[in-house]
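Participant: My structure is below; once you've seen it, I'll send some questions.
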Amino acid sequence: MIRLLINPVIFGGSGSEALALKVSRLTGIPLGELIVKKFPDGETYVRFVTDVSERDVILVNSMYRNPNDYLIEFLLEVSTLKELGARRIIAFIPYFPYARQDDRFNPGEAVSLYIVAKLIENAGVNEVYTIDMHLHRAESIDKVFKIKAVNLTAVIELMKFVKQHYELKNPLVIGPDEESEQWAKIAANYLGTEYDILEKERVSAEEVVIKVRGLNVSGRDIVIVDDIVSTGGTMAEAVKALKRLGARNVVATCTHPILVGNAYQKILKAGALELIGTDTVPSPVSFVTVAPVIAEALRSVT
Ligand code: R5P
């Protein structure tokens with residue numbers, strides 16, 4: 001049992017009910033009852049049935065696919081927890097939405113990442129944890145939030161799964177673009193192998209061009225590591241490029257399998273043995289749970 005939390009209770013928002021239950025089982029922190037439903041007109045209804053007064057509340061709510069719905073739900077939950085007298089609100093947002101719109105790329109655009117972060121802070125969250133957040137231009141999560149914020153990683157959990165299920169021959173870890181180097185490094189270190197990254201040029205939201213930088217991948221088993229698979233364009237093009245150069249098997253991994261449209265099929269068709277993702281975004285490829293990552297983070301809460 002975790003001692004530094006005061007009378008803790010964990011709630012799973014509608015984006016993460018199963019995940020919250022797994023965290024509760026791993027940590028021994030009781031799971032509270034939370035009712036979330038929709039009014040007939042589509043508005044969100046939230047009710048905490050379990051008493052939260054003077055308790056440390058852990059709220060797990062990932063915001064994928066329908067980020068706007070989950071965001072409103074989350075803001076209602078946090079504001080209500082404050083009003084009901086929660087002592088501290090520790091939020092886990094395993095998939096953090098709007099992170100890719102982190103700049104004004106064209107005049108007049110909303111810089112959504114910072115607006116969403118401010119909404120979360122202003123609602124009254126004390127600490128926010130996320131997993132493999134897409135931090136590109138923001139450099140670090142401390143630049144996004146004024147409150148305590150931690151960006152955890154699921155890469156080791158993904159690599160544990162890869163190691164258990166595949167016998168890799170002369171393995172090489174690949175990040176499909178520059179930003180993925182951070183994850184490729186962690187994966188390679190865990191697997192005890194080397195890593196490299198590819199060059200990516202985004203043509204549109206759906207189309208990317210991938211170039212291999214003269215690596216020798218021939219006859220090797222490749223593990224690709226990325227944060228998000230959305231349309232699947234990046235992963236599929238990376239798989240194709242590596243297969244063209246003679247890679248033996250390619251196992252594709254990502255933390256957040258958003259899987260828009262036929263993304264999964266696209267990646268398999270490109271030649272990947274499998275796509276392995278986590279339950280930050282529940283999907284047919286969410287073979288790995290991030291519950292141990294959250295449980296471990298809770299162990300270090302002071
Ligand atoms: C981008 O920089 C990210 O790390 C992912 O590579 C990207 O979001 C994947 O998107 P898609 O699957 O649409 O290519």
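If you're wondering about the labels, chains in the structure tokens are A, B, ... by order shown, residues count from 1 in each chain, ligands from 1 in order shown.
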Give me, as a VMD selection string, all polymer residues having an atom no more than 10 Å from A:Leu34, counting only C-alpha atoms and skipping those fewer than 2 positions away in the same chain.
Facilitator: chain A and resid 10 to 14 17 31 to 32 36 to 37 46 to 50 77
Participant: Distance table requested - chain A against ligand 1, cut-off 8 Å, only C-alpha atoms and all ligand atoms: one row per qualifying residue with the closest atom pair and its distance in Å to one decimal, ordered by chain and rising residue number, as a Markdown table.
Facilitator:
```
| residue | atom | partner | partner_atom_place_in_ligand_line | distance |
| --- | --- | --- | --- | --- |
| A:Arg100 | CA | ligand 1 | 8 (O) | 7.5 |
| A:His134 | CA | ligand 1 | 4 (O) | 6.6 |
| A:His136 | CA | ligand 1 | 2 (O) | 7.6 |
| A:Pro176 | CA | ligand 1 | 6 (O) | 6.8 |
| A:Asp177 | CA | ligand 1 | 6 (O) | 6.9 |
| A:Glu179 | CA | ligand 1 | 2 (O) | 6.4 |
| A:Ser180 | CA | ligand 1 | 4 (O) | 6.2 |
| A:Ala205 | CA | ligand 1 | 13 (O) | 6.4 |
| A:Glu206 | CA | ligand 1 | 13 (O) | 5.7 |
| A:Glu207 | CA | ligand 1 | 14 (O) | 7.1 |
| A:Val208 | CA | ligand 1 | 14 (O) | 6.8 |
| A:Asp226 | CA | ligand 1 | 4 (O) | 5.8 |
| A:Asp227 | CA | ligand 1 | 4 (O) | 5.3 |
| A:Ile228 | CA | ligand 1 | 5 (C) | 4.8 |
| A:Val229 | CA | ligand 1 | 12 (O) | 3.9 |
| A:Ser230 | CA | ligand 1 | 12 (O) | 3.5 |
| A:Thr231 | CA | ligand 1 | 13 (O) | 3.6 |
| A:Gly232 | CA | ligand 1 | 12 (O) | 3.5 |
| A:Gly233 | CA | ligand 1 | 14 (O) | 3.9 |
| A:Thr234 | CA | ligand 1 | 14 (O) | 3.7 |
| A:Met235 | CA | ligand 1 | 12 (O) | 6.3 |
| A:Leu259 | CA | ligand 1 | 12 (O) | 7.4 |
| A:Val260 | CA | ligand 1 | 13 (O) | 7.9 |
| A:Ala263 | CA | ligand 1 | 12 (O) | 7.3 |
```
Participant: Give me, please, the distance in Å between atom CA of A:Leu4 and atom CA of A:Asp56, quoted to one decimal.
Facilitator: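 The value is 9.8 Å.
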Participant: Can you tell me, as a ChimeraX atom specification, which residues in stretch 76-271 of chain A count as alpha helix (DSSP H) by DSSP?
Facilitator: /A:76-83,112-123,155-165,181-191,233-244,263-270
Participant: Please list as a list in words every residue within 9 Å of A:Gly175, counting only C-alpha atoms and excluding residues in the same chain fewer than 5 positions away.
Facilitator: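 The contact residues come out as Ser180, Glu181, Gln182, Trp183, Ala184, Lys185, Tyr195, Asp196, Ile197, Leu198, Val223, Ile224, Val225, Asp226 and Ala238 of chain A.
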Participant: Select from stretch 56-86 of chain A everything DSSP, run on the backbone, classes as strand (DSSP E), then give the selection as a ChimeraX atom specification.
Facilitator: /A:56-60
Participant: List as a PyMOL selection string the protein and nucleic acid residues near stretch 276-287 of chain A, meaning an atom at most 7 Å away when only C-alpha atoms are counted, but skip any in the same chain fewer than 4 places from it.
Facilitator: chain A and resi 62+64+94-95+252-258
Participant: Just the number, please: distance in Å from atom CA of A:Val239 to atom CA of A:Asn216, one decimal.
Facilitator: 14.5 Å
